[in-house]
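J.: I'd like to ask some things about the structure below.
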Amino acid sequence: MNILILDYGMGNIKSVYKRLYKNDINLRVSSLPNDIEWADKIVLVGVGHFKNAMDNLMQLNLLEELNNFVMNKKKPILGICLGMQLMCDFSEEGNVNGLGWIRAKSKKFITNNKLKFKIPHIGWNQIKIKKDSNLLNKIEELSEFYFVHTYFVEPLNKDIVLSQTDYIHDFCSAFQKDNIIGTQFHPEKSHQAGEIFLKNFIDI
Amino acid sequence: MFRPRLIPVLLIEDGMLVKTKKFKSGVYVGDPINAVRIFNDLQADELIFLDISASKNKKTISLELIETVGEESNMPFSVGGGIRTIEDIKKIINSGAERVVLSSAACENPQFIKEASDYFGSSTIAVCLDIKKDFFGNYSIYYENGKKKLNFPYLDFISELETMGVGEIIIQSILNDGMMQGYDLNLLNKISTMLSVPLVALGGAGCMNDFENVYKKSFVNGVAAGSMFVFHGKDDGVLINYPSKKEIINLFK
């Protein structure tokens, strides 16, 4: 199986690479549209500003091939953290449109309790499983995953929500709409639970 | 349920793992990679590496070490010591670290924090401030391993860093370092009350109750410690240790 980690100049892809590398797959890190053609699955990672990420994807001419991969070929794609947010319609971060595959908005955490709830949400937090999916095979209810984010995804259609996590309020920590999968947490930084999640992505 | 991270802080001096008391008399603790392997097996929440010889040697922590840490570990880790330029940060992040920890560079030029957080995103940029209480009970920020005093009120300086877009502030108490008698709770509470970005407490933790106390009082986002995770017993024998996930979750319930 060919898995592509899309390198579009946003943050640390090394840890994802290392976690996937252990498995018996062909792994490529690239920013070339041709490699999207090559891939059976794509991982879209990213740290940083939403607008910069969209700009980079456009400048690298990746949008057309990505849309084709996701919407026509319907092959699996996993968006992690900012990658998940990019899959949606819109983000309050920079007030720009995203890739538009998921009817959802990325919104900023807001709280009146500044002492208790620092923003960004950084750290380990539990997931509450909302829906059966092969992606959550062998992952226990209330498993902890590692989060680092200021914005969270609010999907219009709650049926796509795989898990919720509570910070200030419940938010969608993972979604799946057919071949499109997003996690707000970082499976590549989440010890065993994260390792199982990535293995499940490889196996679907 | 959200809970604070328990973060072992590993001090690196000329490539070796050491531990200090009140920023002095570093004792040799062992090989850093060996410690990383053990912390990874024990499923630590996160690690922070601070190279205390970096400023003296005029270079950042070894990139080779960072890469090896990334290979060996399945958890986030931050790296500090001698980081002064965007290029330094780029190299460290590309070597596999999650975040960088700035100190002297931030104290000398807070504008650099803005530059760095604009470039890498706030969550990549943490600042560690070393704070000491004087005879009259007044707090001041020190940098360059506690040698230089920053002539700026500490709370104002922290606000300034927040304005510049810092992603997280680590507050290290110089006088509590290595003493294992608890955090400076008043200091941390003052800072947490005014801060809206995450705060990590460092300096003084000696037992699990110290973590609980500082969290209950000030909701710090992380509780960091050096000695507690590397020493064991009355005569401070070296033993890498870390509580189980169950113990941690129960502690903050």
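Quick note on naming: the chains in the structure tokens go A, B, ... in the order shown, residues restart at 1 in each chain, and ligands are numbered from 1 in order of appearance.
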For Ser25 in chain B, list every protein, DNA or RNA residue within 12 Å, evaluated using only C-alpha atoms, and leave out those in the same chain fewer than 4 positions away; present the list as a VMD selection string.
T.: chain B and resid 13 18 to 21 177 to 178
J.: Please determine the contact residues of chain B with respect to chain A at a cut-off of 6 Å, counting only C-alpha atoms, and supply them as a CSV table (one decimal) with C-alpha atoms, in the first residue's frame.
T.:
chain,number,residue,atom,x,y,z
B,1,MET,CA,-11.6,15.1,31.4
B,2,PHE,CA,-8.7,17.6,31.0
B,5,ARG,CA,0.6,17.2,31.9
B,74,ASN,CA,6.1,8.3,21.1
B,75,MET,CA,5.2,11.5,22.9
B,76,PRO,CA,5.6,15.2,22.5
B,96,GLY,CA,11.5,16.2,15.5
B,120,PHE,CA,5.8,28.8,13.5
B,121,GLY,CA,2.5,29.3,15.2
B,193,THR,CA,-4.6,34.5,37.5
B,196,SER,CA,-4.6,33.3,29.4
B,197,VAL,CA,-2.1,31.1,27.7
B,198,PRO,CA,-1.0,27.8,29.3
B,219,PHE,CA,-5.0,25.3,37.2
J.: Where in range 66-155 of chain B does DSSP assign helix (DSSP H, G or I), given as a ChimeraX atom specification?
T.: /B:66-72,86-94,104-108,111-120,122-124,154-155
J.: Just want the 8 Å neighbourhood of Tyr8 in chain A, counted on only C-alpha atoms, with same-chain residues fewer than 4 positions away dropped. Output as a PyMOL selection string.
T.: chain A and resi 30-31+53+56-57+60
J.: Quick check for you: according to DSSP on this backbone, which residues of chain A are classed as strand (DSSP E)? Reply as a PyMOL selection string.
T.: chain A and resi 2-6+26-30+41-44+77-80+88-91+96-97+102-108+121-126+128-129+144-149+151-155+161-167+169-177+180-183
J.: Any idea what's packed within 9 Å of Lys133 in chain B, counting only C-alpha atoms, ignoring anything in its chain fewer than 4 positions away? Could you give it as an MDAnalysis selection string?
T.: chainID B and resid 137:140 173:175
J.: Just write the chosen residues, C-alpha atoms, as a compact mmCIF listing (two decimals), in the first residue's frame.
T.:
# COMPACT_ATOMS: atom_id res chain seq x y z
CA GLY B 137 10.01 38.82 49.11
CA ASN B 138 10.15 40.55 45.72
CA TYR B 139 10.30 38.43 42.60
CA SER B 140 12.60 39.05 39.64
CA SER B 173 11.63 28.91 40.70
CA ILE B 174 15.38 29.18 41.15
CA LEU B 175 15.35 28.83 44.95
J.: Would you mind reading off the distance between CA of Lys51 in chain A and CA of Asp118 in chain B, one decimal, in Å?
T.: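 Between these atoms lies a distance of 12.0 Å.
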J.: Mind checking which residues fall within 8 Å of range 182-185 of chain B, counting only C-alpha atoms, ignoring those fewer than 3 positions away in the same chain, and posting them as a CSV table (one decimal) with N, CA and C atoms, in the first residue's frame?
T.:
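Okay, this is what ended up in around_35.csv:
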chain,number,residue,atom,x,y,z
B,173,SER,N,11.2,28.2,39.5
B,173,SER,CA,11.6,28.9,40.7
B,173,SER,C,13.1,28.5,41.0
B,176,ASN,N,13.7,27.1,44.6
B,176,ASN,CA,13.1,25.8,44.8
B,176,ASN,C,13.7,24.6,44.0
B,179,MET,N,15.1,21.2,45.4
B,179,MET,CA,14.9,21.1,46.8
B,179,MET,C,13.8,20.0,47.2
B,188,LEU,N,3.0,31.1,41.5
B,188,LEU,CA,2.3,30.5,40.4
B,188,LEU,C,0.9,31.0,40.3
B,189,ASN,N,0.3,31.2,41.5
B,189,ASN,CA,-1.1,31.7,41.5
B,189,ASN,C,-1.2,33.1,40.9
B,201,ALA,N,4.4,24.8,35.7
B,201,ALA,CA,5.1,25.0,36.9
B,201,ALA,C,6.4,24.1,37.0
B,202,LEU,N,7.5,24.7,37.3
B,202,LEU,CA,8.7,24.0,37.4
B,202,LEU,C,9.5,24.5,38.6
B,203,GLY,N,10.2,23.5,39.3
B,203,GLY,CA,11.0,23.9,40.4
B,203,GLY,C,10.4,23.6,41.8
B,204,GLY,N,10.8,22.5,42.4
B,204,GLY,CA,10.5,22.2,43.7
B,204,GLY,C,9.6,21.0,44.0
B,205,ALA,N,9.1,20.4,42.9
B,205,ALA,CA,8.2,19.2,43.1
B,205,ALA,C,8.9,18.1,43.8
B,206,GLY,N,8.4,17.5,44.8
B,206,GLY,CA,9.0,16.4,45.5
B,206,GLY,C,8.1,15.2,45.6
B,207,CYS,N,6.8,15.4,45.4
B,207,CYS,CA,5.9,14.2,45.5
B,207,CYS,C,4.6,14.6,44.8
B,210,ASP,N,2.4,17.6,45.5
B,210,ASP,CA,2.8,18.9,45.1
B,210,ASP,C,2.1,19.2,43.7
B,214,VAL,N,-0.7,22.4,43.3
B,214,VAL,CA,-0.5,23.5,42.4
B,214,VAL,C,-1.6,23.6,41.4
B,217,LYS,N,-4.9,24.8,43.0
B,217,LYS,CA,-4.9,26.2,43.4
B,217,LYS,C,-4.9,27.1,42.1
J.: Could you name the residues that touch Ala39 in chain A at 8 Å or less, counting only C-alpha atoms, but leaving out those on the same chain fewer than 3 positions away, as a PDB file with N, CA and C atoms, in the first residue's frame?
T.:
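Output saved as around.pdb:
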ATOM      1  N   ASN A   2       0.464   2.262  -0.777  1.00  0.00           N
ATOM      2  CA  ASN A   2       1.220   3.514  -0.871  1.00  0.00           C
ATOM      3  C   ASN A   2       0.558   4.606  -0.030  1.00  0.00           C
ATOM      4  N   ILE A   3       1.304   5.090   0.942  1.00  0.00           N
ATOM      5  CA  ILE A   3       0.767   6.186   1.749  1.00  0.00           C
ATOM      6  C   ILE A   3       1.620   7.447   1.547  1.00  0.00           C
ATOM      7  N   LEU A   4       0.942   8.536   1.276  1.00  0.00           N
ATOM      8  CA  LEU A   4       1.619   9.806   1.076  1.00  0.00           C
ATOM      9  C   LEU A   4       1.380  10.717   2.271  1.00  0.00           C
ATOM     10  N   ASP A  35       2.444  12.761  -6.914  1.00  0.00           N
ATOM     11  CA  ASP A  35       2.492  11.758  -5.842  1.00  0.00           C
ATOM     12  C   ASP A  35       1.118  11.518  -5.232  1.00  0.00           C
ATOM     13  N   ILE A  36       0.197  12.454  -5.442  1.00  0.00           N
ATOM     14  CA  ILE A  36      -1.182  12.235  -4.985  1.00  0.00           C
ATOM     15  C   ILE A  36      -1.800  11.128  -5.844  1.00  0.00           C
ATOM     16  N   ILE A  42      -3.757   9.179   1.977  1.00  0.00           N
ATOM     17  CA  ILE A  42      -2.990  10.406   2.248  1.00  0.00           C
ATOM     18  C   ILE A  42      -3.153  10.801   3.713  1.00  0.00           C
TER      19      ILE A  42
END
J.: If I take CA of Lys199 in chain A and CA of Asn23 in chain A, how far is one from the other in Å, to one decimal?
T.: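 Spanning CA of Lys199 in chain A to CA of Asn23 in chain A is a straight-line distance of 8.0 Å.
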J.: For Ile83 in chain B, work out the shell of residues within 12 Å, counting only C-alpha atoms and skipping chain neighbours fewer than 4 positions away, then give it as a PyMOL selection string.
T.: chain B and resi 50-55+57-62+79+87-93+99-106+112-113+116+125-128+144
J.: When you count only C-alpha atoms, which of these residues is closest to Gly46 in chain A: A:Glu140, A:Lys22, A:Leu86, A:Asp203?
T.: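 Of A:Glu140, A:Lys22, A:Leu86, A:Asp203, the one nearest Gly46 in chain A is A:Leu86, counting only C-alpha atoms.
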J.: State, in Å with one decimal place, the distance from CA of Val166 in chain B to CA of Gly83 in chain A.
T.: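 The value is 22.2 Å.
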J.: With distances taken over only C-alpha atoms, which residue among A:Asn134, A:Asp55, A:Phe147, A:Asn72 lies nearest Pro4 in chain B?
T.: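 Of A:Asn134, A:Asp55, A:Phe147, A:Asn72, the one nearest Pro4 in chain B, counting only C-alpha atoms, is A:Phe147.
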J.: Tell me which of B:Ser218, B:Asn209, B:Asn145, B:Asn34 sits closest to Lys190 in chain B, counting only C-alpha atoms.
T.: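 Going through B:Ser218, B:Asn209, B:Asn145, B:Asn34 one by one, the smallest distance to Lys190 in chain B is for B:Ser218.
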